[in-house]
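Here is the structure we will look at.
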Amino acid sequence: MSIAAAVLDAVRAETARRPGARATRAGLRIGELSGVETESLRFCLETMVSGTDLDPLAFDFEFCPWTRRCRACSTTFRVADYDPACASCGSADTEAAGGDQMELSYLELEEP
Amino acid sequence: MRVPLERKVLNENDRIAATLRERFQSHGTFCLNLISSPGSGKTSLLERTLESFDPARRIAVLTGDIQTDNDARRLARFGFPVRQITTGGACHLDARMVERALADWPVEQFEILFVENVGNLVCPTSYDLGEEARAVLLSVTEGEDKPLKYPATFHHADVMVLNKIDLLPYVPFQAAVACENARRIQPEIEILEVSCTTGAGLERWRSWLAGHLSAKHSPRRRGGAEENEK
């Protein structure tokens, strides 16, 4: 719920930078490791938008997979079955590369 | 019209966390954020930790709960400053709550600030509190697959404290499987097996803390405190 509130604060702040504009759609990028369940976030967002100045506002979710980068062969790979070893060369020497995104990636605005 | 943005949803929290982190670093305060399910032993671990410190040490604790100041009362018995943050419903601490709780506290005098988060393995993960390290507790009365069920929490932790190991003979929990699961999520995670009841393993936990403190007070230390010493 507080993440949904932070999303709506961000939408309002970004919209306010363009006087007279109204947001109709917000794009969200959510990583597999962000700790956010997109369906419950969507539910919270829709509930919190309903009947407010932001209504109607639609949401698009872009899922960002959990990835690691191999220090041996430089491949960035998606982690499957919780296996941190490189999917390309098998090396165990890998580092976190992505999956914790929680970002507002775009807004669609209507301007007067 | 589509306006591309790269705005972190929690950027306001991250901004406050960054100022807190700078404040801790400039004063050489080691801030540790403790996260676990309810009942894994965060408060017990802090009790055993505080009781082992010389009362002259400059240690402080912030403890978060949805309701009651029971934990603060448990922890205040050791004579170190303790403050309760009652979130009134929120299932995690955020940086603003920590900032408010510290407002009139002499943070610059603390060597260690423990922040005991609200018992929850999901939401606290997303909120940076300006800590230098994050500890996740798991106890042997839970499932050994918890790291796989809550990967985000374990992925962002520096150390996993496996608590209640005195109960291993009585429960089906397989410690080796739990540790392997944690390392699959976070290959660099340190794992310390302890019992807050018998005291087993707590020496390693204290050394882990001491290691962080000595790293802070090495010549690599950055920021205002160093300037003041010149």
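Just so we're on the same page: first chain in the structure tokens is A, next is B, and so on; residues restart at 1 for each chain, and ligands are numbered from 1 in the order they show up.
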
Which residues are close to B:Ser195, i.e. within 6 Å by only C-alpha atoms, leaving aside same-chain residues fewer than 2 positions away? Reply as JSON, numbers by chain. {"B": [163, 164, 165, 166, 197, 198, 199, 200]}

Go ahead and write the residues just picked, N, CA and C atoms, as a compact mmCIF listing (two decimals), in the first residue's frame.
# COMPACT_ATOMS: atom_id res chain seq x y z
N ASN B 163 19.01 -18.75 13.77
CA ASN B 163 18.81 -18.74 15.22
C ASN B 163 18.07 -19.99 15.70
N LYS B 164 18.12 -20.20 17.00
CA LYS B 164 17.44 -21.31 17.70
C LYS B 164 18.05 -22.67 17.35
N ILE B 165 19.37 -22.71 17.09
CA ILE B 165 19.97 -23.98 16.70
C ILE B 165 19.95 -25.00 17.84
N ASP B 166 19.67 -24.53 19.06
CA ASP B 166 19.53 -25.49 20.18
C ASP B 166 18.32 -26.40 19.96
N THR B 197 19.24 -18.73 23.18
CA THR B 197 18.90 -19.37 24.45
C THR B 197 20.15 -19.91 25.13
N THR B 198 20.97 -20.68 24.40
CA THR B 198 22.15 -21.28 25.04
C THR B 198 23.39 -20.40 24.88
N GLY B 199 23.34 -19.48 23.95
CA GLY B 199 24.52 -18.63 23.69
C GLY B 199 25.45 -19.21 22.64
N ALA B 200 25.12 -20.40 22.12
CA ALA B 200 26.00 -21.02 21.10
C ALA B 200 26.12 -20.11 19.89

As a PyMOL selection string, please: all residues of stretch 76-164 of chain B that backbone DSSP puts in alpha helix (DSSP H). chain B and resi 76+95-102+146-149+151-155

Could you save those same residues with C-alpha atoms as a JSON list (two decimals), in the first residue's frame?
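As written to disk, selection21.json reads:
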[["chain", "number", "residue", "atom", "x", "y", "z"],
["B", 76, "ALA", "CA", 16.09, -0.79, 27.80],
["B", 95, "ALA", "CA", 13.77, 6.17, 6.16],
["B", 96, "ARG", "CA", 11.54, 9.02, 7.26],
["B", 97, "MET", "CA", 10.49, 7.16, 10.42],
["B", 98, "VAL", "CA", 14.16, 6.59, 11.25],
["B", 99, "GLU", "CA", 15.01, 10.22, 10.51],
["B", 100, "ARG", "CA", 12.22, 11.41, 12.82],
["B", 101, "ALA", "CA", 13.18, 9.00, 15.60],
["B", 102, "LEU", "CA", 16.78, 10.21, 15.44],
["B", 146, "LYS", "CA", 12.34, -19.40, 3.27],
["B", 147, "PRO", "CA", 15.26, -17.95, 1.30],
["B", 148, "LEU", "CA", 13.61, -19.28, -1.87],
["B", 149, "LYS", "CA", 10.16, -18.04, -0.88],
["B", 151, "PRO", "CA", 14.37, -14.17, -2.35],
["B", 152, "ALA", "CA", 14.38, -10.36, -2.33],
["B", 153, "THR", "CA", 15.03, -10.22, 1.41],
["B", 154, "PHE", "CA", 17.90, -12.69, 1.32],
["B", 155, "HIS", "CA", 19.31, -11.19, -1.87]]

Hey, what's within 7 Å of A:Ala97 if we count only C-alpha atoms and toss same-chain stuff fewer than 3 positions away? As a VMD selection string, please? chain A and resid 67 to 69

Taking the chain letters and numbering used in this document, name the residues of stretch 13-127 of chain B that DSSP puts in strand (DSSP E), as a ChimeraX atom specification. /B:30-35,59-65,82-86,112-116

Could you list, as a list of chain:residue names, every residue within 10 Å of A:Tyr106, counting only C-alpha atoms and ignoring same-chain residues fewer than 5 positions away? A:Val11, A:Glu14, A:Arg25, A:Ala26, A:Gly27, A:Leu28, A:Arg29, A:Asp60, B:Arg2, B:Val3, B:Pro4, B:Leu5, B:Glu6, B:Arg7

Quick one: write out the picked residues with C-alpha atoms as an mmCIF file, in the first residue's frame?
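Resulting contents of again33.cif:
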data_model
loop_
_atom_site.group_PDB
_atom_site.id
_atom_site.type_symbol
_atom_site.label_atom_id
_atom_site.label_comp_id
_atom_site.auth_asym_id
_atom_site.auth_seq_id
_atom_site.Cartn_x
_atom_site.Cartn_y
_atom_site.Cartn_z
ATOM 1 C CA VAL A 11 2.843 10.391 -10.914
ATOM 2 C CA GLU A 14 5.912 14.329 -12.692
ATOM 3 C CA ARG A 25 -1.391 5.965 -18.279
ATOM 4 C CA ALA A 26 1.652 5.167 -16.151
ATOM 5 C CA GLY A 27 4.337 2.616 -17.020
ATOM 6 C CA LEU A 28 5.921 0.718 -14.137
ATOM 7 C CA ARG A 29 9.002 -1.454 -14.244
ATOM 8 C CA ASP A 60 1.207 -0.924 -17.545
ATOM 9 C CA ARG B 2 4.351 9.646 -23.853
ATOM 10 C CA VAL B 3 7.025 11.052 -21.551
ATOM 11 C CA PRO B 4 9.815 8.577 -20.776
ATOM 12 C CA LEU B 5 10.996 8.697 -17.154
ATOM 13 C CA GLU B 6 13.547 6.802 -15.123
ATOM 14 C CA ARG B 7 12.159 7.602 -11.735
#

Just want the 9 Å neighbourhood of stretch 175-190 of chain B, counted on only C-alpha atoms, with same-chain residues fewer than 3 positions away dropped. Output as a VMD selection string. (chain A and resid 82 to 85 92 94 to 96) or (chain B and resid 138 140 143 to 148 151 to 152 154 to 162 165 168 193)

Have a look at A:Gly35, A:Pro65, A:Gly20, A:Gly51 and name the one nearest to chain B; count only C-alpha atoms.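 Counting only C-alpha atoms, the residue closest to chain B is A:Gly35.
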
Closest contacts (chain A/chain B, max 7 Å, only C-alpha atoms) as CSV:
residue,atom,partner,partner_atom,distance
A:Ala6,CA,B:Val9,CA,6.0
A:Val7,CA,B:Val9,CA,5.5
A:Ala10,CA,B:Val9,CA,6.7
A:Leu33,CA,B:Ala152,CA,4.6
A:Ser34,CA,B:Ala152,CA,6.0
A:Gly35,CA,B:Ala152,CA,5.5
A:Tyr82,CA,B:Arg184,CA,5.8
A:Asp83,CA,B:Arg184,CA,5.9
A:Pro84,CA,B:Arg184,CA,5.9
A:Met102,CA,B:Val9,CA,5.8
A:Glu103,CA,B:Lys8,CA,4.3
A:Leu104,CA,B:Arg7,CA,5.1
A:Ser105,CA,B:Leu5,CA,4.8
A:Tyr106,CA,B:Pro4,CA,4.2
A:Leu107,CA,B:Val3,CA,5.2
A:Glu108,CA,B:Arg2,CA,4.3
A:Leu109,CA,B:Met1,CA,5.2
A:Glu110,CA,B:Met1,CA,6.5

Skipping near chain neighbours, those fewer than 4 positions away, what residues fall within 10 Å of A:Cys73 using only C-alpha atoms, listed as a list of chain:residue names? A:Arg69, A:Cys86, A:Ser88, A:Cys89, A:Gly90, A:Ser91, A:Asp93, A:Thr94

Dump as a JSON list (two decimals), in the first residue's frame, selection limited to N, CA and C atoms:
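Listed below is the output, again-v3.json:
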[["chain", "number", "residue", "atom", "x", "y", "z"],
["A", 69, "ARG", "N", 25.55, -11.29, -13.77],
["A", 69, "ARG", "CA", 26.58, -11.14, -14.78],
["A", 69, "ARG", "C", 27.75, -12.03, -14.39],
["A", 86, "CYS", "N", 26.83, -19.25, -13.90],
["A", 86, "CYS", "CA", 26.67, -18.69, -15.25],
["A", 86, "CYS", "C", 25.97, -19.70, -16.17],
["A", 88, "SER", "N", 26.00, -19.57, -19.29],
["A", 88, "SER", "CA", 26.75, -19.75, -20.52],
["A", 88, "SER", "C", 27.98, -20.63, -20.30],
["A", 89, "CYS", "N", 28.85, -20.24, -19.34],
["A", 89, "CYS", "CA", 30.10, -21.00, -19.17],
["A", 89, "CYS", "C", 30.12, -21.83, -17.89],
["A", 90, "GLY", "N", 29.12, -21.67, -17.04],
["A", 90, "GLY", "CA", 29.05, -22.49, -15.83],
["A", 90, "GLY", "C", 29.84, -21.97, -14.65],
["A", 91, "SER", "N", 30.56, -20.86, -14.82],
["A", 91, "SER", "CA", 31.37, -20.33, -13.72],
["A", 91, "SER", "C", 30.49, -19.92, -12.54],
["A", 93, "ASP", "N", 31.51, -17.66, -10.48],
["A", 93, "ASP", "CA", 31.92, -16.29, -10.13],
["A", 93, "ASP", "C", 31.03, -15.28, -10.86],
["A", 94, "THR", "N", 29.87, -15.03, -10.27],
["A", 94, "THR", "CA", 28.90, -14.13, -10.91],
["A", 94, "THR", "C", 28.46, -13.06, -9.93]]

Could you name the residues that touch stretch 61-70 of chain B at 9 Å or less, counting only C-alpha atoms, but leaving out those on the same chain fewer than 3 positions away, as a ChimeraX atom specification? /B:43,46,73-76,80-93,98,101-102,112-119

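The closest residue to B:Thr19, picked from B:Leu192, B:Leu129, B:Leu167, B:Ala215 and counting only C-alpha atoms, is B:Leu129.
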
When you draw a straight line from atom CA of B:Ala17 to atom CA of B:Leu34, how long is it in Å?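 Separating atom CA of B:Ala17 from atom CA of B:Leu34 is a distance of 15.7 Å.
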